[in-house]
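entry.cif, holding mmCIF, C-alpha atoms:
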```
data_data
loop_
_atom_site.group_PDB
_atom_site.id
_atom_site.type_symbol
_atom_site.label_atom_id
_atom_site.label_comp_id
_atom_site.auth_asym_id
_atom_site.auth_seq_id
_atom_site.Cartn_x
_atom_site.Cartn_y
_atom_site.Cartn_z
ATOM 1 C CA MET A 1191 -29.972 8.886 12.722
ATOM 2 C CA ARG A 1192 -26.663 10.045 11.214
ATOM 3 C CA ARG A 1193 -25.402 11.056 14.648
ATOM 4 C CA LEU A 1194 -26.267 7.605 16.012
ATOM 5 C CA PHE A 1195 -24.463 5.947 13.104
ATOM 6 C CA ALA A 1196 -21.369 8.160 13.552
ATOM 7 C CA SER A 1197 -21.350 7.431 17.287
ATOM 8 C CA GLY A 1198 -21.555 3.711 16.604
ATOM 9 C CA VAL A 1199 -18.649 3.884 14.179
ATOM 10 C CA ALA A 1200 -16.554 5.822 16.704
ATOM 11 C CA VAL A 1201 -17.298 3.311 19.463
ATOM 12 C CA MET A 1202 -16.387 0.396 17.183
ATOM 13 C CA ALA A 1203 -13.118 2.076 16.175
ATOM 14 C CA LEU A 1204 -12.152 2.693 19.801
ATOM 15 C CA ALA A 1205 -13.107 -0.844 20.762
ATOM 16 C CA SER A 1206 -10.953 -2.297 18.002
ATOM 17 C CA LEU A 1207 -7.957 -0.325 19.261
ATOM 18 C CA SER A 1208 -8.432 -1.619 22.786
ATOM 19 C CA ILE A 1209 -8.830 -5.199 21.532
ATOM 20 C CA CYS A 1210 -5.830 -5.033 19.190
ATOM 21 C CA PRO A 1211 -3.208 -2.781 20.811
ATOM 22 C CA VAL A 1212 -0.407 -4.790 19.221
ATOM 23 C CA ALA A 1213 -1.647 -4.037 15.696
ATOM 24 C CA ALA A 1214 -1.824 -0.324 16.419
ATOM 25 C CA SER A 1215 1.696 -0.283 17.856
ATOM 26 C CA ASP A 1216 3.008 -2.319 14.900
ATOM 27 C CA ASP A 1217 1.609 0.268 12.467
ATOM 28 C CA GLU A 1218 3.199 3.049 14.503
ATOM 29 C CA HIS A 1219 6.524 1.196 14.560
ATOM 30 C CA ASP A 1220 6.381 0.673 10.778
ATOM 31 C CA HIS A 1221 5.678 4.371 10.291
ATOM 32 C CA ASP A 1222 8.640 5.272 12.511
ATOM 33 C CA ARG A 1223 10.954 2.897 10.608
ATOM 34 C CA ALA A 1224 9.860 4.357 7.270
ATOM 35 C CA ARG A 1225 10.350 7.944 8.462
ATOM 36 C CA ALA A 1226 13.806 7.115 9.848
ATOM 37 C CA ALA A 1227 14.810 5.469 6.542
ATOM 38 C CA LEU A 1228 13.678 8.589 4.672
ATOM 39 C CA GLU A 1229 15.592 10.878 7.021
ATOM 40 C CA ARG A 1230 18.751 8.758 6.602
ATOM 41 C CA GLY A 1231 18.401 8.995 2.811
ATOM 42 C CA GLU A 1232 17.838 5.251 2.422
ATOM 43 C CA VAL A 1233 14.526 5.727 0.584
ATOM 44 C CA LEU A 1234 13.027 8.304 -1.736
ATOM 45 C CA PRO A 1235 9.806 10.026 -0.677
ATOM 46 C CA LEU A 1236 6.690 8.143 -1.742
ATOM 47 C CA ARG A 1237 5.508 11.084 -3.894
ATOM 48 C CA THR A 1238 8.783 10.918 -5.866
ATOM 49 C CA ILE A 1239 8.401 7.166 -6.363
ATOM 50 C CA LEU A 1240 4.763 7.472 -7.469
ATOM 51 C CA ASP A 1241 5.578 10.255 -9.934
ATOM 52 C CA LYS A 1242 8.396 8.204 -11.459
ATOM 53 C CA VAL A 1243 6.427 4.942 -11.638
ATOM 54 C CA GLY A 1244 3.253 6.654 -12.870
ATOM 55 C CA ARG A 1245 4.884 7.556 -16.183
ATOM 56 C CA ASP A 1246 5.212 3.894 -17.192
ATOM 57 C CA TYR A 1247 2.405 2.417 -15.086
ATOM 58 C CA PRO A 1248 -0.566 4.798 -14.977
ATOM 59 C CA GLY A 1249 -3.456 3.820 -12.755
ATOM 60 C CA LYS A 1250 -5.096 4.370 -9.397
ATOM 61 C CA VAL A 1251 -2.892 3.508 -6.431
ATOM 62 C CA VAL A 1252 -4.886 1.249 -4.116
ATOM 63 C CA GLU A 1253 -2.168 0.183 -1.664
ATOM 64 C CA VAL A 1254 1.455 0.935 -0.832
ATOM 65 C CA GLU A 1255 3.749 -0.869 1.577
ATOM 66 C CA LEU A 1256 7.375 -0.213 2.413
ATOM 67 C CA GLU A 1257 9.197 -3.441 3.230
ATOM 68 C CA ARG A 1258 12.762 -4.337 4.093
ATOM 69 C CA GLU A 1259 13.764 -7.340 1.954
ATOM 70 C CA ARG A 1260 17.225 -8.880 1.754
ATOM 71 C CA GLY A 1261 18.879 -5.758 3.087
ATOM 72 C CA ARG A 1262 17.111 -3.218 0.888
ATOM 73 C CA TRP A 1263 13.936 -1.157 1.079
ATOM 74 C CA ILE A 1264 11.200 -2.068 -1.391
ATOM 75 C CA TYR A 1265 7.982 -0.179 -2.086
ATOM 76 C CA GLU A 1266 5.204 -2.647 -2.943
ATOM 77 C CA ILE A 1267 2.661 -0.660 -4.944
ATOM 78 C CA ARG A 1268 -0.704 -2.009 -6.062
ATOM 79 C CA LEU A 1269 -2.394 -0.185 -8.940
ATOM 80 C CA LEU A 1270 -5.786 -0.545 -10.544
ATOM 81 C CA ARG A 1271 -5.343 0.172 -14.236
ATOM 82 C CA ASP A 1272 -7.916 1.154 -16.838
ATOM 83 C CA GLY A 1273 -9.792 -1.959 -17.888
ATOM 84 C CA GLY A 1274 -9.643 -3.429 -14.385
ATOM 85 C CA ALA A 1275 -6.169 -4.967 -14.339
ATOM 86 C CA LEU A 1276 -4.623 -5.105 -10.876
ATOM 87 C CA VAL A 1277 -0.845 -4.602 -10.989
ATOM 88 C CA ARG A 1278 1.671 -5.098 -8.193
ATOM 89 C CA LEU A 1279 4.964 -3.300 -8.632
ATOM 90 C CA ASP A 1280 8.056 -3.911 -6.541
ATOM 91 C CA VAL A 1281 10.118 -0.743 -6.629
ATOM 92 C CA ASP A 1282 13.602 -0.177 -5.225
ATOM 93 C CA ALA A 1283 12.949 2.556 -2.658
ATOM 94 C CA ARG A 1284 16.454 4.001 -2.977
ATOM 95 C CA ASP A 1285 16.250 4.983 -6.660
ATOM 96 C CA GLY A 1286 12.731 4.205 -7.938
ATOM 97 C CA THR A 1287 13.723 1.355 -10.247
ATOM 98 C CA VAL A 1288 10.899 -1.105 -10.919
ATOM 99 C CA ILE A 1289 12.348 -4.506 -10.040
ATOM 100 C CA GLY A 1290 9.225 -6.654 -10.312
ATOM 101 C CA VAL A 1291 5.786 -6.574 -11.939
ATOM 102 C CA LYS A 1292 2.853 -8.923 -11.388
ATOM 103 C CA SER A 1293 -0.473 -8.367 -13.112
ATOM 104 C CA ARG A 1294 -3.964 -9.851 -12.941
ATOM 105 C CA ASP A 1295 -6.608 -8.751 -15.375
ATOM 106 C CA ALA A 1296 -10.243 -8.317 -14.410
ATOM 107 C CA ALA A 1297 -11.358 -11.422 -16.344
ATOM 108 C CA SER A 1298 -8.982 -13.770 -14.505
ATOM 109 C CA ARG A 1299 -10.067 -12.349 -11.122
ATOM 110 C CA ALA A 1300 -13.742 -12.825 -12.071
ATOM 111 C CA ASP A 1301 -13.121 -16.448 -13.134
ATOM 112 C CA ARG A 1302 -11.299 -17.178 -9.883
ATOM 113 C CA ASN A 1303 -14.195 -15.708 -7.899
ATOM 114 C CA GLY A 1304 -16.790 -17.747 -9.808
ATOM 115 C CA ARG A 1305 -18.212 -14.799 -11.788
ATOM 116 C CA ARG A 1306 -18.332 -14.561 -15.537
#
```
The structure in this file should be written as structure tokens.
Amino acid sequence: MRRLFASGVAVMALASLSICPVAASDDEHDHDRARAALERGEVLPLRTILDKVGRDYPGKVVEVELERERGRWIYEIRLLRDGGALVRLDVDARDGTVIGVKSRDAASRADRNGRR
């Protein structure tokens, strides 16, 4: 049964790649752009950024994106903090400075989703 399930998952993954080749190539292009920016010294390594940010914003990293905005590289980091608060940090990728913070606590997310 497990083998059948694993085979089904593999087939679905391959099918999704053949249906969405543009998405796969976009991810590869983004990865290449990020690696090139790191090699040129335009961004700090993600591990360095996470270590620096983690001192002031502890939590579990749930998502990280590297974006080019208004001529500079920005890490967008989403953290799940103790107590359920979801925090989005915008971090200057060149030096690790936190330039923006948005937070949603668990209660406000539950209210928005109709749960109490």
Hits of the PyMOL selection byres ((chain A and resi 1249) around 8) in this structure, as a ChimeraX atom specification
/A:1244,1247-1248,1250-1251,1269-1272
Can you pull out every residue within 9 Å of stretch 1230-1233 of chain A, counting all atoms listed in the file, but drop anything in the same chain fewer than 4 positions away, and send it as JSON, numbers by chain?
{"A": [1224, 1225, 1226, 1262, 1263, 1264, 1282, 1283, 1284, 1285, 1286]}
Explicit residues for the PyMOL selection byres ((chain A and resi 1294) around 6) (as JSON, numbers by chain)
{"A": [1275, 1276, 1293, 1295]}
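Minimum distance to A:Glu1253 across A:Arg1237, A:Thr1287, A:Glu1218, A:Arg1278 (counting only C-alpha atoms) occurs at A:Arg1278.
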Atomic distance atom CA of A:Glu1229 - atom CA of A:Val1254, expressed in Å with one decimal:
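These atoms are spaced 19.0 Å apart.
Shortest separation to A:Arg1245 among A:Val1288, A:Glu1266, A:Gly1273, A:His1221 occurs at residue A:Val1288, atoms counted being all atoms listed in the file.
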Show me the residues around (6.7, -2.8, -1.1) - criterion: an atom at most 6 Å away, all atoms listed in the file counted - as a list in words.
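I get Glu1255, Leu1256, Glu1257, Ile1264, Tyr1265, Glu1266, Ile1267 and Asp1280 of chain A for the residues within 6 Å of that point.
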What is the distance, in Å and to one decimal place, between atom CA of A:Gly1274 and atom CA of A:Leu1234?
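Going from atom CA of A:Gly1274 over to atom CA of A:Leu1234, I get 28.5 Å.
Note that the spacing between atom CA of A:Leu1240 and atom CA of A:Leu1279 amounts to 10.8 Å.
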As AutoDock Vina command-line options, please: the centre and edge lengths in Å, to one decimal, of an axis-aligned box enclosing every listed atom of stretch 1250-1253 of chain A with 5 Å added on each side.
```
--center_x -3.6 --center_y 2.3 --center_z -5.5 --size_x 12.9 --size_y 14.2 --size_z 17.7
```
Place N, CA and C atoms on stretch 1221-1238 of chain A and deliver the coordinates as a short mmCIF file (atom, residue, chain, number, x, y, z; two decimals), in the frame of the given file.
```cif
data_model
loop_
_atom_site.label_atom_id
_atom_site.label_comp_id
_atom_site.auth_asym_id
_atom_site.auth_seq_id
_atom_site.Cartn_x
_atom_site.Cartn_y
_atom_site.Cartn_z
N HIS A 1221 5.62 2.97 10.71
CA HIS A 1221 5.68 4.37 10.29
C HIS A 1221 6.99 5.01 10.75
N ASP A 1222 7.39 4.73 11.98
CA ASP A 1222 8.64 5.27 12.51
C ASP A 1222 9.84 4.76 11.73
N ARG A 1223 9.83 3.46 11.39
CA ARG A 1223 10.95 2.90 10.61
C ARG A 1223 11.03 3.54 9.23
N ALA A 1224 9.88 3.75 8.60
CA ALA A 1224 9.86 4.36 7.27
C ALA A 1224 10.35 5.80 7.33
N ARG A 1225 9.92 6.55 8.32
CA ARG A 1225 10.35 7.94 8.46
C ARG A 1225 11.86 8.02 8.72
N ALA A 1226 12.37 7.13 9.56
CA ALA A 1226 13.81 7.12 9.85
C ALA A 1226 14.60 6.78 8.59
N ALA A 1227 14.12 5.82 7.79
CA ALA A 1227 14.81 5.47 6.54
C ALA A 1227 14.83 6.65 5.58
N LEU A 1228 13.74 7.40 5.52
CA LEU A 1228 13.68 8.59 4.67
C LEU A 1228 14.67 9.64 5.16
N GLU A 1229 14.69 9.87 6.46
CA GLU A 1229 15.59 10.88 7.02
C GLU A 1229 17.06 10.51 6.83
N ARG A 1230 17.37 9.21 6.82
CA ARG A 1230 18.75 8.76 6.60
C ARG A 1230 19.11 8.73 5.12
N GLY A 1231 18.14 9.00 4.25
CA GLY A 1231 18.40 8.99 2.81
C GLY A 1231 18.42 7.60 2.21
N GLU A 1232 17.86 6.62 2.92
CA GLU A 1232 17.84 5.25 2.42
C GLU A 1232 16.69 5.01 1.44
N VAL A 1233 15.67 5.86 1.49
CA VAL A 1233 14.53 5.73 0.58
C VAL A 1233 14.16 7.09 0.03
N LEU A 1234 13.58 7.08 -1.16
CA LEU A 1234 13.03 8.30 -1.74
C LEU A 1234 11.64 8.53 -1.16
N PRO A 1235 11.18 9.77 -1.13
CA PRO A 1235 9.81 10.03 -0.68
C PRO A 1235 8.81 9.31 -1.58
N LEU A 1236 7.71 8.87 -0.99
CA LEU A 1236 6.69 8.14 -1.74
C LEU A 1236 6.20 8.95 -2.94
N ARG A 1237 5.98 10.25 -2.78
CA ARG A 1237 5.51 11.08 -3.89
C ARG A 1237 6.48 11.00 -5.07
N THR A 1238 7.78 11.01 -4.81
CA THR A 1238 8.78 10.92 -5.87
C THR A 1238 8.68 9.57 -6.58
#
```
